[in-house]
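A.B. asks: Contents of start22.txt (compact mmCIF, C-alpha atoms and all ligand atoms) are below:
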# COMPACT_ATOMS: atom_id res chain seq x y z
CA MET A 1 0.00 0.00 0.00
CA GLN A 2 3.06 2.24 0.46
CA CYS A 3 1.33 4.14 3.26
CA GLY A 4 4.65 4.76 5.02
CA ASN A 5 3.35 3.75 8.47
CA CYS A 6 6.30 1.42 8.92
CA SER A 7 8.88 4.21 8.47
CA VAL A 8 6.91 6.58 10.70
CA VAL A 9 6.68 4.16 13.64
CA CYS A 10 10.28 2.95 13.35
CA SER A 11 12.15 4.72 16.14
CA LEU A 12 15.50 4.05 14.48
CA ALA A 13 14.78 5.28 10.96
CA PRO A 14 16.54 8.59 10.23
CA GLU A 15 14.71 11.48 8.59
CA ASN A 16 17.08 11.29 5.64
CA LYS A 17 15.96 8.26 3.56
CA PRO A 18 14.03 6.46 6.34
CA PHE A 19 13.51 2.71 6.39
CA PRO A 20 11.79 0.23 6.00
CA ARG A 21 9.23 1.55 3.48
CA LYS A 22 11.79 2.01 0.72
CA GLU A 23 13.13 -1.51 1.36
CA MET A 24 9.59 -2.90 1.02
CA ILE A 25 9.32 -1.23 -2.39
CA TRP A 26 12.72 -2.61 -3.47
CA ALA A 27 11.74 -6.08 -2.22
CA GLY A 28 8.47 -5.87 -4.14
CA TRP A 29 10.38 -4.94 -7.28
CA GLY A 30 12.99 -7.64 -6.77
CA MET A 31 15.90 -5.17 -6.46
CA LYS A 32 18.24 -7.57 -4.68
CA ASP A 33 21.44 -5.55 -5.20
CA LYS A 34 19.93 -2.45 -3.61
CA LEU A 35 18.73 -4.45 -0.62
CA ILE A 36 22.01 -6.28 -0.06
CA GLY A 37 24.23 -3.21 -0.33
CA ASN A 38 22.01 -1.22 1.98
CA PRO A 39 23.21 -0.23 5.49
CA ASP A 40 19.64 0.30 6.76
CA VAL A 41 18.92 -3.42 6.68
CA TRP A 42 21.48 -3.71 9.51
CA LEU A 43 20.40 -0.60 11.40
CA CYS A 44 17.07 -2.33 12.03
CA HIS A 45 17.03 -4.02 15.44
CA GLN A 46 14.08 -6.28 14.57
CA CYS A 47 11.84 -4.81 17.26
CA GLY A 48 8.74 -5.57 15.21
CA ASP A 49 7.08 -2.13 15.66
CA CYS A 50 6.74 -1.72 11.88
CA SER A 51 5.08 -5.12 11.48
CA THR A 52 2.66 -4.38 14.32
CA TYR A 53 1.48 -1.12 12.72
CA CYS A 54 1.48 -2.22 9.06
CA PRO A 55 -2.17 -2.10 7.96
CA ARG A 56 -1.52 -4.72 5.28
CA GLY A 57 0.21 -7.35 7.44
CA VAL A 58 3.32 -7.12 5.24
CA LYS A 59 5.69 -7.80 8.19
CA PRO A 60 8.59 -5.51 7.16
CA ALA A 61 10.59 -6.68 10.21
CA ASP A 62 10.58 -10.26 8.91
CA ILE A 63 11.54 -9.11 5.41
CA LEU A 64 14.55 -7.11 6.67
CA SER A 65 15.56 -10.13 8.74
CA ALA A 66 15.36 -12.32 5.61
CA VAL A 67 17.56 -9.84 3.70
CA ARG A 68 20.16 -10.04 6.48
CA GLU A 69 20.17 -13.83 6.17
CA VAL A 70 20.68 -13.63 2.41
CA SER A 71 23.56 -11.20 3.08
CA TYR A 72 25.45 -13.75 5.21
CA GLN A 73 25.43 -16.09 2.22
CA HIS A 74 26.07 -13.38 -0.34
CA TYR A 75 29.25 -12.11 1.37
CA ALA A 76 30.43 -15.51 2.65
CA LYS A 77 34.00 -16.45 1.82
CA PRO A 78 34.27 -19.30 0.91
CA LYS A 79 30.73 -19.47 -0.48
CA PHE A 80 30.08 -23.08 0.52
CA LEU A 81 30.29 -22.20 4.23
CA GLY A 82 27.53 -19.62 3.79
CA LYS A 83 25.47 -22.24 1.97
CA ILE A 84 25.82 -25.10 4.45
CA LEU A 85 24.83 -22.82 7.33
CA SER A 86 21.75 -21.50 5.56
CA SER A 87 19.52 -24.57 5.54
CA PRO A 88 18.74 -27.52 7.85
CA LYS A 89 19.39 -29.94 5.00
CA TRP A 90 23.09 -29.01 5.22
CA LEU A 91 23.30 -29.30 9.01
CA PRO A 92 24.97 -32.78 8.91
CA ALA A 93 27.72 -31.30 6.71
CA ALA A 94 28.08 -28.29 9.03
CA ILE A 95 28.56 -30.70 11.97
CA LEU A 96 30.84 -33.07 10.06
CA ILE A 97 33.39 -30.36 9.23
CA PRO A 98 34.38 -29.64 12.88
CA VAL A 99 34.13 -33.35 13.77
CA ILE A 100 36.65 -34.23 11.05
CA ILE A 101 38.99 -31.29 11.67
CA ILE A 102 39.02 -31.67 15.49
CA SER A 103 39.54 -35.45 15.15
CA ALA A 104 42.42 -34.79 12.73
CA ILE A 105 44.04 -32.37 15.22
CA LEU A 106 43.68 -34.95 18.02
CA TYR A 107 45.19 -37.57 15.72
CA LEU A 108 48.17 -35.32 14.96
CA ALA A 109 48.56 -34.61 18.68
CA GLY A 110 48.57 -38.39 19.28
CA THR A 111 45.64 -38.22 21.74
CA LEU A 112 42.72 -39.55 19.67
CA GLN A 113 41.60 -41.92 22.43
CA ILE A 114 39.85 -41.75 25.82
CA PRO A 115 42.55 -41.30 28.51
CA GLU A 116 42.69 -43.50 31.60
CA GLY A 117 42.43 -42.18 35.19
CA PRO A 118 40.76 -39.07 36.64
CA VAL A 119 39.24 -36.70 34.11
CA ASN A 120 41.85 -34.32 32.74
CA TYR A 121 40.84 -32.68 29.45
CA SER A 122 44.41 -31.70 28.63
CA LYS A 123 45.29 -35.41 28.34
CA PHE A 124 42.64 -35.66 25.61
CA PHE A 125 43.27 -32.33 23.87
CA PRO A 126 46.69 -30.98 24.97
CA HIS A 127 46.45 -27.26 25.77
CA ALA A 128 49.17 -26.28 23.32
CA TRP A 129 47.29 -28.03 20.49
CA LEU A 130 43.88 -26.73 21.59
CA ASN A 131 44.95 -23.10 22.02
CA SER A 132 47.11 -22.90 18.90
CA SER A 133 44.68 -24.71 16.56
CA PHE A 134 41.56 -22.80 17.67
CA THR A 135 43.43 -19.47 17.68
CA ILE A 136 44.69 -20.06 14.11
CA LEU A 137 41.20 -21.14 12.96
CA TRP A 138 39.61 -18.12 14.64
CA PHE A 139 42.01 -15.67 12.98
CA LEU A 140 41.39 -17.42 9.67
CA THR A 141 37.61 -17.09 10.01
CA ILE A 142 37.88 -13.41 11.04
CA GLY A 143 40.18 -12.77 8.06
CA LEU A 144 37.63 -14.36 5.71
CA GLY A 145 34.87 -12.38 7.45
CA VAL A 146 36.78 -9.14 6.85
CA LEU A 147 36.97 -9.95 3.12
CA GLY A 148 33.17 -10.26 3.07
CA LEU A 149 32.77 -7.03 5.05
CA ARG A 150 35.06 -5.20 2.62
CA ASN A 151 32.75 -6.23 -0.24
CA PHE A 152 29.74 -5.10 1.82
CA TRP A 153 31.40 -1.71 2.39
CA ASN A 154 32.13 -1.33 -1.34
CA ASP A 155 28.53 -2.27 -2.19
CA MET A 156 27.21 0.38 0.22
CA LYS A 157 29.39 2.97 -1.50
CA LYS A 158 28.27 1.78 -4.95
CA GLN A 159 24.57 1.90 -4.01
CA ASN A 160 24.92 5.40 -2.52
CA PRO A 161 27.21 7.28 -4.96
CA GLU A 162 25.83 10.67 -3.84
CA LEU A 163 27.11 10.18 -0.27
CA LYS A 164 30.60 11.39 0.54
CA ILE A 165 32.73 9.32 2.95
CA THR A 166 34.56 11.44 5.54
CA GLY A 167 36.92 10.54 8.39
CA SER A 168 38.88 7.36 8.95
CA PHE A 169 37.08 4.03 9.15
CA PHE A 170 38.44 3.17 12.61
CA LYS A 171 37.63 6.59 14.05
CA ASN A 172 34.03 6.31 12.82
CA LEU A 173 33.85 2.71 14.06
CA PHE A 174 35.06 3.75 17.50
CA SER A 175 32.51 6.59 17.68
CA ASN A 176 29.78 3.90 17.74
CA PHE A 177 31.39 2.18 20.70
CA LYS A 178 29.13 3.80 23.31
CA GLU A 179 25.93 2.80 21.51
CA ILE A 180 27.19 -0.76 21.00
CA MET A 181 28.12 -1.13 24.68
CA GLN A 182 24.90 0.46 25.98
CA HIS A 183 22.52 -1.01 23.39
CA SER A 184 20.62 2.25 23.75
CA ASN A 185 18.81 1.86 20.42
CA PHE A 186 17.04 -1.20 21.79
CA SER A 187 15.36 1.06 24.36
CA LYS A 188 13.66 3.00 21.56
CA CYS A 189 11.68 -0.02 20.37
CA SER A 190 8.27 0.18 22.04
CA ASN A 191 7.03 -3.34 21.32
CA GLN A 192 9.51 -5.66 22.97
CA LYS A 193 11.01 -4.25 26.14
CA SER A 194 12.25 -7.69 27.25
CA ARG A 195 14.45 -7.92 24.13
CA LYS A 196 16.92 -5.38 25.42
CA ILE A 197 17.40 -7.15 28.78
CA ALA A 198 17.86 -10.54 27.10
CA HIS A 199 20.18 -9.09 24.45
CA VAL A 200 22.32 -7.26 27.01
CA LEU A 201 22.60 -10.41 29.18
CA VAL A 202 23.77 -12.48 26.20
CA PHE A 203 26.10 -9.73 24.93
CA TYR A 204 27.86 -9.16 28.26
CA GLY A 205 27.73 -12.86 29.18
CA PHE A 206 29.59 -13.64 25.98
CA ILE A 207 32.15 -10.85 26.52
CA LEU A 208 32.77 -12.18 30.03
CA LEU A 209 33.23 -15.64 28.56
CA LEU A 210 35.82 -14.28 26.11
CA ILE A 211 37.74 -12.66 28.99
CA VAL A 212 37.64 -15.92 30.96
CA THR A 213 38.79 -17.86 27.88
CA ALA A 214 41.72 -15.46 27.41
CA PHE A 215 42.70 -16.06 31.04
CA ALA A 216 42.29 -19.83 30.59
CA ILE A 217 44.76 -19.69 27.68
CA TYR A 218 47.18 -17.69 29.85
CA ALA A 219 46.71 -20.17 32.73
CA ALA A 220 47.42 -23.09 30.38
CA VAL A 221 50.58 -21.44 29.01
CA THR A 222 51.83 -20.69 32.55
CA HIS A 223 50.92 -24.21 33.78
CA GLN A 224 48.25 -23.08 36.30
CA TYR A 225 45.61 -25.33 34.73
CA PRO A 226 43.19 -26.89 35.72
CA LEU A 227 41.66 -24.08 37.78
CA GLY A 228 39.98 -24.82 41.14
CA LEU A 229 36.22 -24.45 41.53
CA PHE A 230 36.60 -21.19 43.49
CA ASN A 231 39.25 -19.58 41.30
CA PRO A 232 37.92 -16.05 40.52
CA PHE A 233 38.03 -16.71 36.77
CA LYS A 234 36.16 -19.98 37.23
CA VAL A 235 33.53 -18.09 39.23
CA LEU A 236 33.36 -15.40 36.51
CA GLY A 237 32.92 -18.13 33.88
CA ASN A 238 29.96 -19.50 35.84
CA VAL A 239 28.46 -16.01 36.21
CA ALA A 240 28.78 -15.62 32.41
CA ALA A 241 27.04 -19.00 31.96
CA VAL A 242 24.13 -17.87 34.17
CA MET A 243 23.80 -14.57 32.23
CA LEU A 244 23.82 -16.42 28.92
CA PHE A 245 21.37 -19.04 30.19
CA ILE A 246 18.84 -16.45 31.39
CA GLY A 247 19.17 -14.23 28.30
CA LEU A 248 18.92 -17.13 25.85
CA THR A 249 16.01 -18.75 27.72
CA VAL A 250 14.04 -15.47 27.55
CA MET A 251 14.82 -15.17 23.81
CA ILE A 252 13.76 -18.76 23.09
CA ILE A 253 10.55 -18.55 25.15
CA LYS A 254 9.58 -15.24 23.54
CA ARG A 255 10.18 -16.59 20.05
CA VAL A 256 7.99 -19.62 20.76
CA THR A 257 5.18 -17.92 22.68
CA ASP A 258 5.00 -14.38 21.25
CA LYS A 259 5.07 -14.75 17.49
CA GLU A 260 2.82 -11.75 17.03
CA ASN A 261 5.45 -9.35 18.36
CA TYR A 262 8.62 -11.33 17.64
CA GLY A 263 7.65 -12.29 14.11
CA ASN A 264 8.44 -15.58 12.42
CA SER A 265 11.68 -17.22 13.48
CA SER A 266 13.84 -18.61 10.72
CA TYR A 267 16.40 -21.41 10.58
CA ALA A 268 19.17 -18.80 11.06
CA ASP A 269 17.49 -17.54 14.26
CA TRP A 270 17.19 -21.03 15.70
CA LEU A 271 20.63 -22.20 14.58
CA PHE A 272 22.27 -19.31 16.41
CA LEU A 273 20.09 -19.46 19.52
CA ILE A 274 20.33 -23.24 19.93
CA SER A 275 24.10 -23.31 19.23
CA MET A 276 24.69 -20.63 21.86
CA PHE A 277 22.34 -22.37 24.31
CA LEU A 278 24.08 -25.74 23.81
CA LEU A 279 27.48 -24.06 24.16
CA THR A 280 26.40 -22.63 27.52
CA ILE A 281 24.79 -25.80 28.87
CA SER A 282 27.55 -28.12 27.62
CA GLY A 283 30.19 -25.83 29.18
CA VAL A 284 28.59 -26.22 32.61
CA ILE A 285 28.09 -29.98 32.14
CA VAL A 286 31.71 -30.46 31.00
CA GLU A 287 32.91 -28.59 34.10
CA THR A 288 30.69 -30.76 36.34
CA ALA A 289 31.87 -33.92 34.57
CA ARG A 290 35.49 -33.04 35.38
CA PHE A 291 34.85 -32.45 39.08
CA LEU A 292 32.69 -35.60 39.40
CA ASN A 293 34.89 -37.76 37.12
CA TRP A 294 32.08 -38.87 34.82
CA SER A 295 33.01 -41.63 32.40
CA ILE A 296 31.44 -39.78 29.46
CA ALA A 297 33.32 -36.54 30.28
CA TYR A 298 35.53 -36.67 27.16
CA HIS A 299 32.56 -37.32 24.84
CA LEU A 300 30.76 -34.34 26.37
CA TYR A 301 33.93 -32.26 25.98
CA PHE A 302 34.13 -33.18 22.28
CA PHE A 303 30.47 -32.13 21.86
CA HIS A 304 31.25 -28.85 23.65
CA LEU A 305 34.08 -28.15 21.19
CA ILE A 306 31.65 -28.62 18.27
CA CYS A 307 29.37 -26.02 19.92
CA VAL A 308 32.37 -23.67 20.32
CA TRP A 309 33.09 -24.15 16.61
CA PHE A 310 29.51 -23.25 15.63
CA ILE A 311 29.74 -20.01 17.58
CA ILE A 312 33.25 -18.69 17.00
CA ILE A 313 34.54 -20.39 13.83
CA TYR A 314 31.26 -20.13 11.91
CA LEU A 315 30.70 -16.57 13.22
CA PRO A 316 30.67 -14.67 9.86
CA TYR A 317 28.25 -17.20 8.29
CA THR A 318 25.58 -17.39 11.00
CA LYS A 319 23.30 -14.87 12.64
CA PHE A 320 26.12 -14.14 15.09
CA GLY A 321 27.74 -12.30 12.15
CA HIS A 322 25.22 -9.50 12.70
CA LEU A 323 27.59 -7.98 15.23
CA LEU A 324 30.16 -7.49 12.44
CA TYR A 325 27.74 -6.35 9.72
CA ARG A 326 25.80 -4.03 12.03
CA ALA A 327 29.01 -2.41 13.30
CA VAL A 328 30.15 -1.80 9.70
CA ALA A 329 26.74 -0.44 8.63
CA MET A 330 26.69 1.94 11.64
CA THR A 331 30.22 3.03 10.72
CA PHE A 332 29.11 3.71 7.15
CA ASP A 333 26.31 5.94 8.41
CA LYS A 334 28.75 7.81 10.65
CA SER A 335 31.16 8.16 7.70
CA VAL A 336 28.48 9.81 5.55
CA ASN A 337 27.21 11.95 8.47
CA ARG A 338 23.84 10.23 8.53
CA ASP A 339 23.36 9.63 12.22
CA TYR A 340 20.37 7.32 12.51
CA SER A 341 20.53 7.26 16.30
CA LYS A 342 19.44 10.92 16.48
CA LYS A 343 15.76 10.30 15.68
CA ASN A 344 13.36 11.07 18.52
CA GLU A 345 16.08 12.55 20.68
CA ASP A 346 14.98 16.15 20.24
S1 LIG A 401 4.95 -2.25 4.51
FE1 LIG A 401 2.95 -1.86 5.46
S2 LIG A 401 3.25 -0.02 6.70
FE2 LIG A 401 4.98 -0.14 5.27
S3 LIG A 401 4.36 1.08 3.50
FE3 LIG A 401 3.76 -1.03 3.06
S4 LIG A 401 1.65 -1.19 3.76
FE4 LIG A 401 2.46 0.67 4.71
S1 LIG A 402 11.75 -3.95 13.08
FE1 LIG A 402 11.85 -2.13 14.40
S2 LIG A 402 13.88 -1.27 13.96
FE2 LIG A 402 13.41 -2.70 12.31
S3 LIG A 402 12.50 -1.45 10.70
FE3 LIG A 402 10.82 -2.29 11.94
S4 LIG A 402 10.39 -0.72 13.46
FE4 LIG A 402 12.42 -0.25 12.60
As a first step, turn the structure in this file into structure tokens.
Ligand code: SF4
Ligand code: SF4

C.D. replies:
Amino acid sequence: MQCGNCSVVCSLAPENKPFPRKEMIWAGWGMKDKLIGNPDVWLCHQCGDCSTYCPRGVKPADILSAVREVSYQHYAKPKFLGKILSSPKWLPAAILIPVIIISAILYLAGTLQIPEGPVNYSKFFPHAWLNSSFTILWFLTIGLGVLGLRNFWNDMKKQNPELKITGSFFKNLFSNFKEIMQHSNFSKCSNQKSRKIAHVLVFYGFILLLIVTAFAIYAAVTHQYPLGLFNPFKVLGNVAAVMLFIGLTVMIIKRVTDKENYGNSSYADWLFLISMFLLTISGVIVETARFLNWSIAYHLYFFHLICVWFIIIYLPYTKFGHLLYRAVAMTFDKSVNRDYSKKNED
């Protein structure tokens, strides 16, 4: 109907070229290139306000979410990783890749067997092998992600030739730091107040987990591992697990019970949420299995590593990649002096 209600109710749409009405027109006309190389698709926080107030039931929030999912595949390097993470029919292949690679690393380390005696994960996956292999793989995946982001940046420039880029990329990126840390744009969405709390819990829970992991690597290198149950970093790791568990549980329950406001959940939504949830739960179970010397501890540990892979190694190809794409889209808007966060502040 092109009434424009969606752009009016969107608290994040700037006055200069607001979204999502124009995206709905492009989608209707099949203008894929314009949609993919469009920063606004990532400025949307999927609050669902536009879908709620659309008189035609078009669900713009779901359509922008679908465009973001297509973008992960479009910018994926190598392409096949984007493809196998885009559909449930490829899930066995997505699981098989880490199973084969982790087994190969264990084979090279000479530890591809269940060790005897009390549970000690470093006997199964020596710390030097674990830390070096996962660090190399993580840098590799981030490097490939950056190649995709560079193409996204070039597409945004191509689709908006009238906009002039000013300032350095890193300076503009850093100027978004406060908004990213505070998640203040989530507060502007009127429909789903619980989203911000859940999102912040998951965001900070994950950051805490990264800090704890960095310390765990340091502890392994300096031979302080394994850490005792009351080691401050162990306690912090458990606090992070609780934050992630609560945040993810709220997200999952809301997606199942409140489809009217949360919209339809796609495979990408569930793949990310369930991978993160399993990572959290398996981390706690693996820790318990070590202290209680469970016989299946090493199998659980292997499963936990697959979950870690889905979150950190597959990051640019899953919904978790939104943190990279959104940061780059926000930086683009800063670079062209189009500050979308200013709406409704006056
Ligand atoms: S998507 Fe809905 S609210 Fe937006 S312009 Fe079309 S009919 Fe109006
Ligand atoms: S889902 Fe929310 S943030 Fe996204 S376009 Fe609609 S109203 Fe704006």

A.B. asks: Do you know which residues are within 7 Å of ligand LIG 402 (chain A) using all atoms listed in the file? Can you write them as a list in words?

C.D. replies: Cys6, Val9, Cys10, Ser11, Leu12, Ala13, Phe19, Pro20, Cys44, His45, Gln46, Cys47, Gly48, Asp49, Cys50, Ser51, Pro60, Ala61 and Cys189 of chain A

A.B. asks: Could you check which of A:Gly28, A:Gly263, A:Pro88, A:Gly82 is closest to Ser65 of chain A, using all atoms listed in the file?

C.D. replies: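 Among A:Gly28, A:Gly263, A:Pro88, A:Gly82, it is A:Gly263 that comes nearest to Ser65 of chain A.
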
A.B. asks: Would you mind listing the residues within 7 Å of ligand LIG 401 (chain A), counting all atoms listed in the file, as a compact mmCIF listing (two decimals) with C-alpha atoms, in the frame of the given file?

C.D. replies:
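Full text of pocket02.txt as output:
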# COMPACT_ATOMS: atom_id res chain seq x y z
CA MET A 1 0.00 0.00 0.00
CA GLN A 2 3.06 2.24 0.46
CA CYS A 3 1.33 4.14 3.26
CA GLY A 4 4.65 4.76 5.02
CA ASN A 5 3.35 3.75 8.47
CA CYS A 6 6.30 1.42 8.92
CA SER A 7 8.88 4.21 8.47
CA PRO A 20 11.79 0.23 6.00
CA ARG A 21 9.23 1.55 3.48
CA MET A 24 9.59 -2.90 1.02
CA CYS A 50 6.74 -1.72 11.88
CA TYR A 53 1.48 -1.12 12.72
CA CYS A 54 1.48 -2.22 9.06
CA PRO A 55 -2.17 -2.10 7.96
CA ARG A 56 -1.52 -4.72 5.28
CA GLY A 57 0.21 -7.35 7.44
CA VAL A 58 3.32 -7.12 5.24
CA LYS A 59 5.69 -7.80 8.19
CA PRO A 60 8.59 -5.51 7.16

A.B. asks: For each of A:Ile105, A:Ala198, A:Ile207, A:Leu305, take the minimum atom-to-atom distance to Lys254 of chain A, counting only C-alpha atoms, then give the residue where this is smallest.

C.D. replies: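 Closest candidate: A:Ala198.
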
A.B. asks: Between atom CA of Met251 of chain A and atom CA of Leu85 of chain A, what distance in Å does the model show, to one decimal?

C.D. replies: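 Rounded to one decimal, the two atoms are 20.7 Å apart.
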
A.B. asks: List as a PDB file with C-alpha atoms, keeping the file's coordinate frame the protein and nucleic acid residues near Ser335 of chain A, meaning an atom at most 8 Å away when only C-alpha atoms are counted, but skip any in the same chain fewer than 6 places from it.

C.D. replies:
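Writing the result to out.pdb gives the following:
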ATOM      1  CA  LYS A 164      30.600  11.390   0.540  1.00  0.00           C
ATOM      2  CA  ILE A 165      32.730   9.320   2.950  1.00  0.00           C
ATOM      3  CA  THR A 166      34.560  11.440   5.540  1.00  0.00           C
ATOM      4  CA  GLY A 167      36.920  10.540   8.390  1.00  0.00           C
ATOM      5  CA  SER A 168      38.880   7.360   8.950  1.00  0.00           C
ATOM      6  CA  PHE A 169      37.080   4.030   9.150  1.00  0.00           C
ATOM      7  CA  ASN A 172      34.030   6.310  12.820  1.00  0.00           C
TER       8      ASN A 172
END

A.B. asks: Determine, using all atoms listed in the file, which residues of segment 29-81 of chain A have any atom at most 7 Å from an atom of segment 309-317 of chain A, and tabulate each with its shortest atom pair and distance in Å to one decimal place, rows ordered by chain and then rising number, as a Markdown table.

C.D. replies:
| residue | atom | partner | partner_atom | distance |
| --- | --- | --- | --- | --- |
| A:Tyr72 | CA | A:Tyr317 | CA | 5.4 |
| A:Gln73 | CA | A:Tyr317 | CA | 6.8 |
| A:Ala76 | CA | A:Tyr317 | CA | 6.3 |
| A:Leu81 | CA | A:Tyr317 | CA | 6.8 |

A.B. asks: For atom CA of Leu43 of chain A and atom CA of Val146 of chain A, quote the distance in Å rounded to one decimal.

C.D. replies: 19.0 Å

A.B. asks: Would you kindly return, as a PyMOL selection string, each protein, DNA or RNA residue with an atom no farther than 6 Å from any atom of segment 148-158 of chain A, considering only C-alpha atoms and excluding same-chain residues fewer than 5 positions away?

C.D. replies: chain A and resi 37-38+75-76

A.B. asks: Could those residues be written to a file, using C-alpha atoms, as a tab-separated table (two decimals), keeping the file's coordinate frame?

C.D. replies:
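result-v1.tsv, freshly written:
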chain	number	residue	atom	x	y	z
A	37	GLY	CA	24.23	-3.21	-0.33
A	38	ASN	CA	22.01	-1.22	1.98
A	75	TYR	CA	29.25	-12.11	1.37
A	76	ALA	CA	30.43	-15.51	2.65

A.B. asks: Fewer than 2 positions away in the same chain doesn't count, so skip those; otherwise give me all residues within 12 Å of Phe215 of chain A, counting all atoms listed in the file, as a PyMOL selection string.

C.D. replies: chain A and resi 131+208-213+217-227+231-234+236-237

A.B. asks: So that I have them on file, write out the residues from the current selection with C-alpha atoms, as a PDB file, in the coordinates of the input.

C.D. replies:
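Now in out_11.pdb:
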ATOM      1  CA  ASN A 131      44.950 -23.100  22.020  1.00  0.00           C
ATOM      2  CA  LEU A 208      32.770 -12.180  30.030  1.00  0.00           C
ATOM      3  CA  LEU A 209      33.230 -15.640  28.560  1.00  0.00           C
ATOM      4  CA  LEU A 210      35.820 -14.280  26.110  1.00  0.00           C
ATOM      5  CA  ILE A 211      37.740 -12.660  28.990  1.00  0.00           C
ATOM      6  CA  VAL A 212      37.640 -15.920  30.960  1.00  0.00           C
ATOM      7  CA  THR A 213      38.790 -17.860  27.880  1.00  0.00           C
ATOM      8  CA  ILE A 217      44.760 -19.690  27.680  1.00  0.00           C
ATOM      9  CA  TYR A 218      47.180 -17.690  29.850  1.00  0.00           C
ATOM     10  CA  ALA A 219      46.710 -20.170  32.730  1.00  0.00           C
ATOM     11  CA  ALA A 220      47.420 -23.090  30.380  1.00  0.00           C
ATOM     12  CA  VAL A 221      50.580 -21.440  29.010  1.00  0.00           C
ATOM     13  CA  THR A 222      51.830 -20.690  32.550  1.00  0.00           C
ATOM     14  CA  HIS A 223      50.920 -24.210  33.780  1.00  0.00           C
ATOM     15  CA  GLN A 224      48.250 -23.080  36.300  1.00  0.00           C
ATOM     16  CA  TYR A 225      45.610 -25.330  34.730  1.00  0.00           C
ATOM     17  CA  PRO A 226      43.190 -26.890  35.720  1.00  0.00           C
ATOM     18  CA  LEU A 227      41.660 -24.080  37.780  1.00  0.00           C
ATOM     19  CA  ASN A 231      39.250 -19.580  41.300  1.00  0.00           C
ATOM     20  CA  PRO A 232      37.920 -16.050  40.520  1.00  0.00           C
ATOM     21  CA  PHE A 233      38.030 -16.710  36.770  1.00  0.00           C
ATOM     22  CA  LYS A 234      36.160 -19.980  37.230  1.00  0.00           C
ATOM     23  CA  LEU A 236      33.360 -15.400  36.510  1.00  0.00           C
ATOM     24  CA  GLY A 237      32.920 -18.130  33.880  1.00  0.00           C
TER      25      GLY A 237
END

A.B. asks: Which residues are close to Ile97 of chain A, i.e. within 10 Å by only C-alpha atoms, leaving aside same-chain residues fewer than 5 positions away? Reply as a PyMOL selection string.

C.D. replies: chain A and resi 92+102-103+306+309

A.B. asks: Which one is closest to Ala93 of chain A: A:Phe80, A:Tyr301, A:Val284, A:Asn176? Count all atoms listed in the file.

C.D. replies: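 When distances to Ala93 of chain A are compared using all atoms listed in the file, the smallest one comes from A:Phe80.
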
A.B. asks: Between A:Met330, A:Ile114, A:Ala216, A:Ile84, which residue has the minimum interatomic distance to Gly228 of chain A, considering all atoms listed in the file?

C.D. replies: A:Ala216

A.B. asks: Considering all atoms listed in the file, state which residue in the set A:Leu35, A:Thr141, A:Pro115, A:Phe320 is at the smallest distance from Ala268 of chain A.

C.D. replies: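 Once distances to Ala268 of chain A are computed over all atoms listed in the file, the minimum belongs to A:Phe320.
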
A.B. asks: Complete segment 18-29 of chain A with N, CA and C atoms (output as a PDB file, in the frame of the given file).

C.D. replies:
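This went into out_36.pdb:
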ATOM      1  N   PRO A  18      14.414   7.404   5.276  1.00  0.00           N
ATOM      2  CA  PRO A  18      14.030   6.460   6.340  1.00  0.00           C
ATOM      3  C   PRO A  18      13.780   5.050   5.811  1.00  0.00           C
ATOM      4  N   PHE A  19      13.852   4.099   6.716  1.00  0.00           N
ATOM      5  CA  PHE A  19      13.510   2.710   6.390  1.00  0.00           C
ATOM      6  C   PHE A  19      12.334   2.315   7.272  1.00  0.00           C
ATOM      7  N   PRO A  20      11.582   1.268   7.027  1.00  0.00           N
ATOM      8  CA  PRO A  20      11.790   0.230   6.000  1.00  0.00           C
ATOM      9  C   PRO A  20      10.871   0.366   4.775  1.00  0.00           C
ATOM     10  N   ARG A  21      10.146   1.475   4.622  1.00  0.00           N
ATOM     11  CA  ARG A  21       9.230   1.550   3.480  1.00  0.00           C
ATOM     12  C   ARG A  21       9.963   1.383   2.156  1.00  0.00           C
ATOM     13  N   LYS A  22      11.101   2.094   2.015  1.00  0.00           N
ATOM     14  CA  LYS A  22      11.790   2.010   0.720  1.00  0.00           C
ATOM     15  C   LYS A  22      12.292   0.577   0.459  1.00  0.00           C
ATOM     16  N   GLU A  23      12.668  -0.118   1.525  1.00  0.00           N
ATOM     17  CA  GLU A  23      13.130  -1.510   1.360  1.00  0.00           C
ATOM     18  C   GLU A  23      11.968  -2.409   0.912  1.00  0.00           C
ATOM     19  N   MET A  24      10.752  -2.092   1.414  1.00  0.00           N
ATOM     20  CA  MET A  24       9.590  -2.900   1.020  1.00  0.00           C
ATOM     21  C   MET A  24       9.305  -2.712  -0.474  1.00  0.00           C
ATOM     22  N   ILE A  25       9.522  -1.483  -0.952  1.00  0.00           N
ATOM     23  CA  ILE A  25       9.320  -1.230  -2.390  1.00  0.00           C
ATOM     24  C   ILE A  25      10.386  -1.994  -3.193  1.00  0.00           C
ATOM     25  N   TRP A  26      11.641  -1.902  -2.758  1.00  0.00           N
ATOM     26  CA  TRP A  26      12.720  -2.610  -3.470  1.00  0.00           C
ATOM     27  C   TRP A  26      12.460  -4.122  -3.467  1.00  0.00           C
ATOM     28  N   ALA A  27      12.005  -4.633  -2.305  1.00  0.00           N
ATOM     29  CA  ALA A  27      11.740  -6.080  -2.220  1.00  0.00           C
ATOM     30  C   ALA A  27      10.621  -6.458  -3.188  1.00  0.00           C
ATOM     31  N   GLY A  28       9.583  -5.599  -3.230  1.00  0.00           N
ATOM     32  CA  GLY A  28       8.470  -5.870  -4.140  1.00  0.00           C
ATOM     33  C   GLY A  28       8.909  -5.861  -5.598  1.00  0.00           C
ATOM     34  N   TRP A  29       9.880  -5.030  -5.905  1.00  0.00           N
ATOM     35  CA  TRP A  29      10.380  -4.940  -7.280  1.00  0.00           C
ATOM     36  C   TRP A  29      11.537  -5.914  -7.565  1.00  0.00           C
TER      37      TRP A  29
END
